[in-house]
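Student: Encoded as C-alpha cells, here's the structure I'll be asking about.
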Amino acid sequence: MPFARLATATTPTCHIGLGLAAVGRPGYINLGRDEDLGDDRSVETLRARTHELLDAAYAQGVRYFDAARSYGRSEEFLADWLKDRPGPDDIVVGSKWGYTYTADWSTDAEKHEVKDHTLATYERQRAESDALLGDRIDLYQIHSVTPDSPALTDKELHAKLAEAAAQGLTVGFSTSGPAQAEAIRAALAVTVDGEPLFRTVQSTYNALETSAAPALAEAHDAGLTVIVKEGMANGRLAGPHAPAVMKDIAERTGLGCDAVALAVILRQPWAGVVLSGAATVNQLASNLHAAVVDLDDDQLSRLATLVEEPHAYWERRAQLPWH
C-alpha cells in the first residue's frame with residue numbers, strides 16, 4: 001500500500017497532505033478566496049501557483065498530494081509538476097472520480113460539477129486520469145459517497161475496482177454530507193470474493209463537524225488509511241472567520257487559527273493524513289505549524305463547544321457561494 005511510504009517519514013509534517021481543490025480551478029467555496037487568488041485566475045496563473053505550492057509543500061516534508069477529476073485542471077497541473085521532477089520516489093498521489101467538472105473555467109457557472117457514480121463514468125474518468133498521471137496515481141477514490149450512492153451496491157463496478165486493485169492501484173472512497181458515518185460503515189461492508197474492497201477513506205472532520213469520528217475509528221481499526229479533508233471547514237475556522245474561542249486559543253499558542261484547527265485533527269489516533277487546502281504559500285506554511293501545536297485538556301474542552309449538529313453544518317456549507 002502506497003501509504004506505507006509515509007510511515008517511514010520522520011518529518012513533523014509527514015501526516016499533512018496538500019489538497020488541490022482550491023487551486024485547480026478558478027471557482028471554489030472557500031471563504032476569503034477573492035483575497036487569496038485575486039483577479040487573475042487564468043489557467044497559466046493557477047498552474048504556476050499550484051507548482052509553487054507543490055514545491056513549497058515537498059520542501060517542507062509533505063508527501064501526499066490529492067487531486068480529483070472535478071478539481072478543474074488539478075490532475076494536469078500535478079502531472080506537469082511530477083514530469084519536471086522525476087527524481088523523488090517518496091510521493092503518494094491520490095485522485096478521485098465520480099464528479100465531472102462543468103464550469104468551463106468560470107466562477108459563475110450554473111453548475112460547477114455533476115455527480116455520477118456509474119461504471120461508465122468510472123471507466124471514462126479513469127482513462128482521463130491515466131492519460132494525465134499514468135502510473136503516478138497511487139490511490140483512486142470514489143468522490144463523495146453518500147448512503148444512497150449506487151457505488152455501494154453496483155457489483156459490476158466493484159469487480160472493475162477490484163481488478164484495478166489487483167493490478168496495484170489502491171482503491172478508496174471519500175464521503176460528504178450529514179450521513180458520513182452511515183456511508184463509511186456501508187463502504188466497509190463492501191467485499192469482492194470475500195475481501196474488503198476499499199483501503200482508504202477520506203472524510204470531512206473538523207472542530208465544527210465531528211460526527212464521522214466513530215466510523216473513522218472503525219475504518220482505521222479495519223486497516224484503512226484515514227484521510228481528513230476540510231479541516232478548516234472551507235475557511236470558517238481560519239483567520240478572520242474563526243470563532244472567538246479558536247482565535248483566543250490561537251493567540252495563546254502564538255500560531256494561526258488554521259494551525260490550531262488542523263492540530264485538533266492531528267491529535268485523533270485514527271487520522272492518517274490531514275489535508276491542507278492552502279491557496280497561498282504563506283497559508284501552507286501556517287497550516288504546517290499544526291504539527292507542533294500542543295493543546296492542553298482545557299483548550300480541547302473549549303474547542304469541543306464549537307461542534308455543530310451535522311445537518312446544520314452541511315446546510316451552512318451548501319449555502320457558501322462559489323468565489
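Identifiers for the C-alpha cells are assigned positionally: chains receive A, B, ... in sequence, residues are indexed from 1 per chain, and ligands are indexed from 1 in the order shown.
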Segment 121-293 of chain A: which residues are alpha helix (DSSP H) by DSSP, as a PyMOL selection string?
Tutor: chain A and resi 121-133+155-166+180-188+213-221+244-253+257-266+281-288
Student: For Arg236 of chain A, find every residue with an atom within 8 Å (counting only C-alpha atoms), except residues of its own chain fewer than 5 positions away, and show them as a compact mmCIF listing (two decimals) with N, CA and C atoms, in the first residue's frame.
Tutor:
```
# COMPACT_ATOMS: atom_id res chain seq x y z
N LEU A 31 -14.05 30.47 1.99
CA LEU A 31 -14.13 31.87 2.38
C LEU A 31 -12.77 32.54 2.20
N HIS A 241 -12.53 34.65 9.98
CA HIS A 241 -13.82 33.97 10.06
C HIS A 241 -13.93 33.02 11.26
N ALA A 242 -12.84 32.78 11.95
CA ALA A 242 -12.81 31.80 13.03
C ALA A 242 -13.63 32.26 14.23
```
Student: Please identify which residues in segment 100-204 of chain A DSSP calls strand (DSSP E) from the backbone, and express them as a PyMOL selection string.
Tutor: chain A and resi 100-101+113-115+139-145+170-175+191-192+195-196+200-204
Student: Could you check which of A:Ala159, A:Leu133, A:Ala290, A:Leu224 is closest to Asp193 of chain A, using only C-alpha atoms?
Tutor: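 Smallest separation from Asp193 of chain A among the options: A:Ala159.
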Student: Excluding same-chain residues fewer than 4 positions from segment 144-155 of chain A, what lies within 6 Å of it counting only C-alpha atoms, as a PDB file with N, CA and C atoms, in the first residue's frame?
Tutor:
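Output below, filename part_21.pdb:
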```pdb
ATOM      1  N   HIS A 117     -21.928   8.223 -10.189  1.00  0.00           N
ATOM      2  CA  HIS A 117     -21.117   7.123  -9.686  1.00  0.00           C
ATOM      3  C   HIS A 117     -21.317   5.838 -10.476  1.00  0.00           C
ATOM      4  N   SER A 174     -14.297   8.725  -0.786  1.00  0.00           N
ATOM      5  CA  SER A 174     -14.464   9.883   0.093  1.00  0.00           C
ATOM      6  C   SER A 174     -15.941  10.009   0.432  1.00  0.00           C
ATOM      7  N   THR A 175     -16.235  10.791   1.464  1.00  0.00           N
ATOM      8  CA  THR A 175     -17.621  10.966   1.896  1.00  0.00           C
ATOM      9  C   THR A 175     -17.929  12.445   2.088  1.00  0.00           C
ATOM     10  N   SER A 176     -19.197  12.768   2.063  1.00  0.00           N
ATOM     11  CA  SER A 176     -19.649  14.118   2.381  1.00  0.00           C
ATOM     12  C   SER A 176     -21.098  14.041   2.839  1.00  0.00           C
ATOM     13  N   ALA A 183     -22.388   6.167   5.536  1.00  0.00           N
ATOM     14  CA  ALA A 183     -21.729   5.841   4.271  1.00  0.00           C
ATOM     15  C   ALA A 183     -20.424   5.074   4.511  1.00  0.00           C
TER      16      ALA A 183
END
```
Student: Could you check the closest approach to Ala222 of chain A for each of A:Ala238, A:Ala131, A:Val201, A:Leu6 and tell me which residue wins, using only C-alpha atoms?
Tutor: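 Closest residue, counting only C-alpha atoms: A:Val201.
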Student: Ala261 of chain A: which residues within 12 Å, counting only C-alpha atoms, same-chain residues fewer than 3 positions away excluded, as a PDB file with N, CA and C atoms, in the first residue's frame?
Tutor:
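Written file, result_20.pdb:
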```
ATOM      1  N   TYR A 205     -13.891  16.182   8.555  1.00  0.00           N
ATOM      2  CA  TYR A 205     -13.862  16.193  10.019  1.00  0.00           C
ATOM      3  C   TYR A 205     -13.147  17.467  10.427  1.00  0.00           C
ATOM      4  N   ASN A 206     -13.764  18.216  11.337  1.00  0.00           N
ATOM      5  CA  ASN A 206     -13.128  19.439  11.839  1.00  0.00           C
ATOM      6  C   ASN A 206     -13.766  19.815  13.164  1.00  0.00           C
ATOM      7  N   ALA A 207     -13.346  20.919  13.734  1.00  0.00           N
ATOM      8  CA  ALA A 207     -13.834  21.324  15.059  1.00  0.00           C
ATOM      9  C   ALA A 207     -15.330  21.605  15.077  1.00  0.00           C
ATOM     10  N   LEU A 208     -15.928  21.824  13.904  1.00  0.00           N
ATOM     11  CA  LEU A 208     -17.374  22.065  13.819  1.00  0.00           C
ATOM     12  C   LEU A 208     -18.162  20.807  13.478  1.00  0.00           C
ATOM     13  N   GLU A 209     -17.539  19.889  12.744  1.00  0.00           N
ATOM     14  CA  GLU A 209     -18.236  18.688  12.256  1.00  0.00           C
ATOM     15  C   GLU A 209     -17.443  17.450  12.641  1.00  0.00           C
ATOM     16  N   LYS A 229     -10.338  15.651   5.161  1.00  0.00           N
ATOM     17  CA  LYS A 229     -10.463  16.832   4.310  1.00  0.00           C
ATOM     18  C   LYS A 229     -11.283  17.903   5.020  1.00  0.00           C
ATOM     19  N   GLU A 230     -11.206  19.112   4.499  1.00  0.00           N
ATOM     20  CA  GLU A 230     -11.989  20.243   5.004  1.00  0.00           C
ATOM     21  C   GLU A 230     -11.778  20.470   6.495  1.00  0.00           C
ATOM     22  N   GLY A 231     -10.527  20.361   6.899  1.00  0.00           N
ATOM     23  CA  GLY A 231     -10.186  20.534   8.306  1.00  0.00           C
ATOM     24  C   GLY A 231     -10.426  21.941   8.821  1.00  0.00           C
ATOM     25  N   MET A 232     -10.522  22.896   7.912  1.00  0.00           N
ATOM     26  CA  MET A 232     -10.812  24.273   8.316  1.00  0.00           C
ATOM     27  C   MET A 232     -12.205  24.706   7.879  1.00  0.00           C
ATOM     28  N   ALA A 233     -13.052  23.723   7.575  1.00  0.00           N
ATOM     29  CA  ALA A 233     -14.467  23.993   7.287  1.00  0.00           C
ATOM     30  C   ALA A 233     -14.630  25.054   6.198  1.00  0.00           C
ATOM     31  N   ASN A 234     -13.881  24.869   5.107  1.00  0.00           N
ATOM     32  CA  ASN A 234     -13.963  25.796   3.969  1.00  0.00           C
ATOM     33  C   ASN A 234     -13.696  27.247   4.373  1.00  0.00           C
ATOM     34  N   GLY A 235     -12.778  27.410   5.310  1.00  0.00           N
ATOM     35  CA  GLY A 235     -12.373  28.747   5.736  1.00  0.00           C
ATOM     36  C   GLY A 235     -13.086  29.274   6.954  1.00  0.00           C
ATOM     37  N   ARG A 236     -14.084  28.566   7.448  1.00  0.00           N
ATOM     38  CA  ARG A 236     -14.831  29.047   8.610  1.00  0.00           C
ATOM     39  C   ARG A 236     -13.995  29.013   9.885  1.00  0.00           C
ATOM     40  N   LEU A 237     -12.907  28.245   9.895  1.00  0.00           N
ATOM     41  CA  LEU A 237     -12.054  28.151  11.080  1.00  0.00           C
ATOM     42  C   LEU A 237     -10.720  28.859  10.889  1.00  0.00           C
ATOM     43  N   ALA A 238     -10.615  29.639   9.816  1.00  0.00           N
ATOM     44  CA  ALA A 238      -9.351  30.305   9.506  1.00  0.00           C
ATOM     45  C   ALA A 238      -9.481  31.810   9.646  1.00  0.00           C
ATOM     46  N   GLY A 239      -8.396  32.430  10.114  1.00  0.00           N
ATOM     47  CA  GLY A 239      -8.274  33.887  10.093  1.00  0.00           C
ATOM     48  C   GLY A 239      -9.472  34.632  10.635  1.00  0.00           C
ATOM     49  N   ALA A 242     -12.837  32.782  11.949  1.00  0.00           N
ATOM     50  CA  ALA A 242     -12.814  31.800  13.035  1.00  0.00           C
ATOM     51  C   ALA A 242     -13.631  32.262  14.233  1.00  0.00           C
ATOM     52  N   PRO A 243     -14.232  31.317  14.977  1.00  0.00           N
ATOM     53  CA  PRO A 243     -14.958  31.665  16.206  1.00  0.00           C
ATOM     54  C   PRO A 243     -14.007  32.259  17.245  1.00  0.00           C
ATOM     55  N   VAL A 245     -13.483  31.539  20.327  1.00  0.00           N
ATOM     56  CA  VAL A 245     -12.723  30.543  21.091  1.00  0.00           C
ATOM     57  C   VAL A 245     -11.468  30.126  20.342  1.00  0.00           C
ATOM     58  N   MET A 246     -11.608  29.880  19.047  1.00  0.00           N
ATOM     59  CA  MET A 246     -10.460  29.483  18.235  1.00  0.00           C
ATOM     60  C   MET A 246      -9.426  30.605  18.186  1.00  0.00           C
ATOM     61  N   LYS A 247      -9.889  31.835  18.039  1.00  0.00           N
ATOM     62  CA  LYS A 247      -8.961  32.974  17.984  1.00  0.00           C
ATOM     63  C   LYS A 247      -8.203  33.129  19.290  1.00  0.00           C
ATOM     64  N   ILE A 249      -7.481  30.791  21.578  1.00  0.00           N
ATOM     65  CA  ILE A 249      -6.510  29.707  21.752  1.00  0.00           C
ATOM     66  C   ILE A 249      -5.329  29.898  20.804  1.00  0.00           C
ATOM     67  N   ALA A 250      -5.622  30.340  19.590  1.00  0.00           N
ATOM     68  CA  ALA A 250      -4.537  30.592  18.631  1.00  0.00           C
ATOM     69  C   ALA A 250      -3.593  31.671  19.153  1.00  0.00           C
ATOM     70  N   LEU A 255       0.264  30.933  17.309  1.00  0.00           N
ATOM     71  CA  LEU A 255       0.153  30.480  15.923  1.00  0.00           C
ATOM     72  C   LEU A 255      -1.230  30.846  15.378  1.00  0.00           C
ATOM     73  N   GLY A 256      -1.481  30.507  14.117  1.00  0.00           N
ATOM     74  CA  GLY A 256      -2.741  30.884  13.495  1.00  0.00           C
ATOM     75  C   GLY A 256      -3.895  29.973  13.870  1.00  0.00           C
ATOM     76  N   CYS A 257      -5.109  30.474  13.657  1.00  0.00           N
ATOM     77  CA  CYS A 257      -6.309  29.658  13.878  1.00  0.00           C
ATOM     78  C   CYS A 257      -6.268  28.404  13.014  1.00  0.00           C
ATOM     79  N   ASP A 258      -5.726  28.535  11.809  1.00  0.00           N
ATOM     80  CA  ASP A 258      -5.663  27.387  10.905  1.00  0.00           C
ATOM     81  C   ASP A 258      -4.796  26.277  11.495  1.00  0.00           C
ATOM     82  N   VAL A 264      -6.103  19.982  16.025  1.00  0.00           N
ATOM     83  CA  VAL A 264      -7.185  19.215  16.655  1.00  0.00           C
ATOM     84  C   VAL A 264      -7.350  17.868  15.945  1.00  0.00           C
ATOM     85  N   ILE A 265      -7.245  17.876  14.624  1.00  0.00           N
ATOM     86  CA  ILE A 265      -7.434  16.654  13.839  1.00  0.00           C
ATOM     87  C   ILE A 265      -6.226  15.739  13.961  1.00  0.00           C
ATOM     88  N   LEU A 266      -5.035  16.316  13.916  1.00  0.00           N
ATOM     89  CA  LEU A 266      -3.824  15.507  14.012  1.00  0.00           C
ATOM     90  C   LEU A 266      -3.756  14.731  15.324  1.00  0.00           C
ATOM     91  N   ARG A 267      -4.436  15.204  16.341  1.00  0.00           N
ATOM     92  CA  ARG A 267      -4.459  14.508  17.636  1.00  0.00           C
ATOM     93  C   ARG A 267      -5.263  13.211  17.588  1.00  0.00           C
ATOM     94  N   VAL A 274      -3.878  14.412   7.124  1.00  0.00           N
ATOM     95  CA  VAL A 274      -4.777  15.561   7.249  1.00  0.00           C
ATOM     96  C   VAL A 274      -4.430  16.543   6.129  1.00  0.00           C
ATOM     97  N   LEU A 275      -5.421  16.886   5.327  1.00  0.00           N
ATOM     98  CA  LEU A 275      -5.157  17.725   4.157  1.00  0.00           C
ATOM     99  C   LEU A 275      -5.155  19.209   4.480  1.00  0.00           C
ATOM    100  N   SER A 276      -4.160  19.888   3.951  1.00  0.00           N
ATOM    101  CA  SER A 276      -4.177  21.346   3.860  1.00  0.00           C
ATOM    102  C   SER A 276      -4.806  21.702   2.523  1.00  0.00           C
ATOM    103  N   SER A 286       1.685  28.337   7.360  1.00  0.00           N
ATOM    104  CA  SER A 286       0.929  28.452   8.600  1.00  0.00           C
ATOM    105  C   SER A 286       0.231  27.138   8.934  1.00  0.00           C
ATOM    106  N   ASN A 287      -0.365  26.491   7.938  1.00  0.00           N
ATOM    107  CA  ASN A 287      -1.017  25.196   8.143  1.00  0.00           C
ATOM    108  C   ASN A 287      -0.046  24.169   8.715  1.00  0.00           C
ATOM    109  N   LEU A 288       1.168  24.147   8.191  1.00  0.00           N
ATOM    110  CA  LEU A 288       2.136  23.127   8.588  1.00  0.00           C
ATOM    111  C   LEU A 288       2.600  23.281  10.032  1.00  0.00           C
ATOM    112  N   HIS A 289       2.372  24.465  10.611  1.00  0.00           N
ATOM    113  CA  HIS A 289       2.684  24.641  12.033  1.00  0.00           C
ATOM    114  C   HIS A 289       1.784  23.774  12.914  1.00  0.00           C
ATOM    115  N   ALA A 290       0.709  23.248  12.339  1.00  0.00           N
ATOM    116  CA  ALA A 290      -0.191  22.387  13.118  1.00  0.00           C
ATOM    117  C   ALA A 290       0.550  21.215  13.727  1.00  0.00           C
ATOM    118  N   ALA A 291       1.601  20.777  13.063  1.00  0.00           N
ATOM    119  CA  ALA A 291       2.348  19.611  13.537  1.00  0.00           C
ATOM    120  C   ALA A 291       3.035  19.841  14.874  1.00  0.00           C
ATOM    121  N   VAL A 293       1.716  22.208  17.246  1.00  0.00           N
ATOM    122  CA  VAL A 293       0.793  22.812  18.215  1.00  0.00           C
ATOM    123  C   VAL A 293       0.505  21.812  19.325  1.00  0.00           C
ATOM    124  N   ASP A 294       0.645  22.249  20.569  1.00  0.00           N
ATOM    125  CA  ASP A 294       0.380  21.391  21.726  1.00  0.00           C
ATOM    126  C   ASP A 294      -0.830  21.950  22.465  1.00  0.00           C
ATOM    127  N   LEU A 295      -1.949  21.258  22.375  1.00  0.00           N
ATOM    128  CA  LEU A 295      -3.191  21.717  23.013  1.00  0.00           C
ATOM    129  C   LEU A 295      -3.415  20.966  24.316  1.00  0.00           C
ATOM    130  N   GLN A 299      -8.020  23.555  26.709  1.00  0.00           N
ATOM    131  CA  GLN A 299      -8.210  24.109  25.368  1.00  0.00           C
ATOM    132  C   GLN A 299      -9.049  23.181  24.499  1.00  0.00           C
ATOM    133  N   LEU A 300      -8.802  21.893  24.613  1.00  0.00           N
ATOM    134  CA  LEU A 300      -9.589  20.933  23.841  1.00  0.00           C
ATOM    135  C   LEU A 300     -11.047  20.938  24.267  1.00  0.00           C
ATOM    136  N   LEU A 303     -12.650  23.975  22.717  1.00  0.00           N
ATOM    137  CA  LEU A 303     -12.865  23.782  21.284  1.00  0.00           C
ATOM    138  C   LEU A 303     -14.031  22.827  21.021  1.00  0.00           C
ATOM    139  N   ALA A 304     -14.259  21.899  21.947  1.00  0.00           N
ATOM    140  CA  ALA A 304     -15.370  20.948  21.783  1.00  0.00           C
ATOM    141  C   ALA A 304     -16.726  21.638  21.823  1.00  0.00           C
ATOM    142  N   LEU A 306     -17.561  24.051  20.086  1.00  0.00           N
ATOM    143  CA  LEU A 306     -17.856  24.587  18.752  1.00  0.00           C
ATOM    144  C   LEU A 306     -18.636  23.614  17.872  1.00  0.00           C
TER     145      LEU A 306
END
```
Student: Kindly indicate which residue among A:Ser70, A:Thr253, A:Gln180, A:Thr280 lies nearest to Trp314 of chain A, using only C-alpha atoms for the distances.
Tutor: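 Looking only at the distances to Trp314 of chain A, the closest residue turns out to be A:Gln180.
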Student: Looking at A:Ala219, A:Val228, A:Val92, A:Ala120, which one is nearest to Thr170 of chain A, with distances taken over only C-alpha atoms?
Tutor: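 Counting only C-alpha atoms, the residue closest to Thr170 of chain A is A:Val92.
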Student: Please indicate the distance in Å from atom CA of Glu128 of chain A to atom CA of Gly38 of chain A, rounded to one decimal place.
Tutor: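 Rounded to one decimal, the two atoms are 29.8 Å apart.
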Student: Pick from A:Asp80, A:Tyr28, A:Ala165, A:Leu320: nearest to Glu113 of chain A, with only C-alpha atoms counted?
Tutor: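 Nearest candidate to Glu113 of chain A out of A:Asp80, A:Tyr28, A:Ala165, A:Leu320: A:Tyr28.
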Student: Give me the segment 78-187 of chain A side of the contact with segment 13-21 of chain A, cut-off 12 Å, one line per residue showing its nearest atom pair and distance in Å at one decimal, counting only C-alpha atoms, sorted by chain and residue number, as a tab-separated table.
Tutor:
```
residue	atom	partner	partner_atom	distance
A:Leu78	CA	A:Leu20	CA	8.7
A:Asp90	CA	A:Cys14	CA	11.0
A:Ile91	CA	A:Gly17	CA	10.3
A:Val92	CA	A:Gly17	CA	9.4
A:Val93	CA	A:Gly17	CA	9.9
A:Gly94	CA	A:Gly19	CA	9.4
A:Ser95	CA	A:Gly19	CA	9.8
A:Lys96	CA	A:Ala21	CA	11.2
A:Tyr101	CA	A:Ala21	CA	11.6
```
Student: Using only C-alpha atoms, pick whichever of A:Thr11, A:Thr50, A:Thr100, A:Thr45 has the shortest atom-to-atom distance to Gly277 of chain A.
Tutor: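 Among the listed residues, the smallest separation from Gly277 of chain A belongs to A:Thr50.
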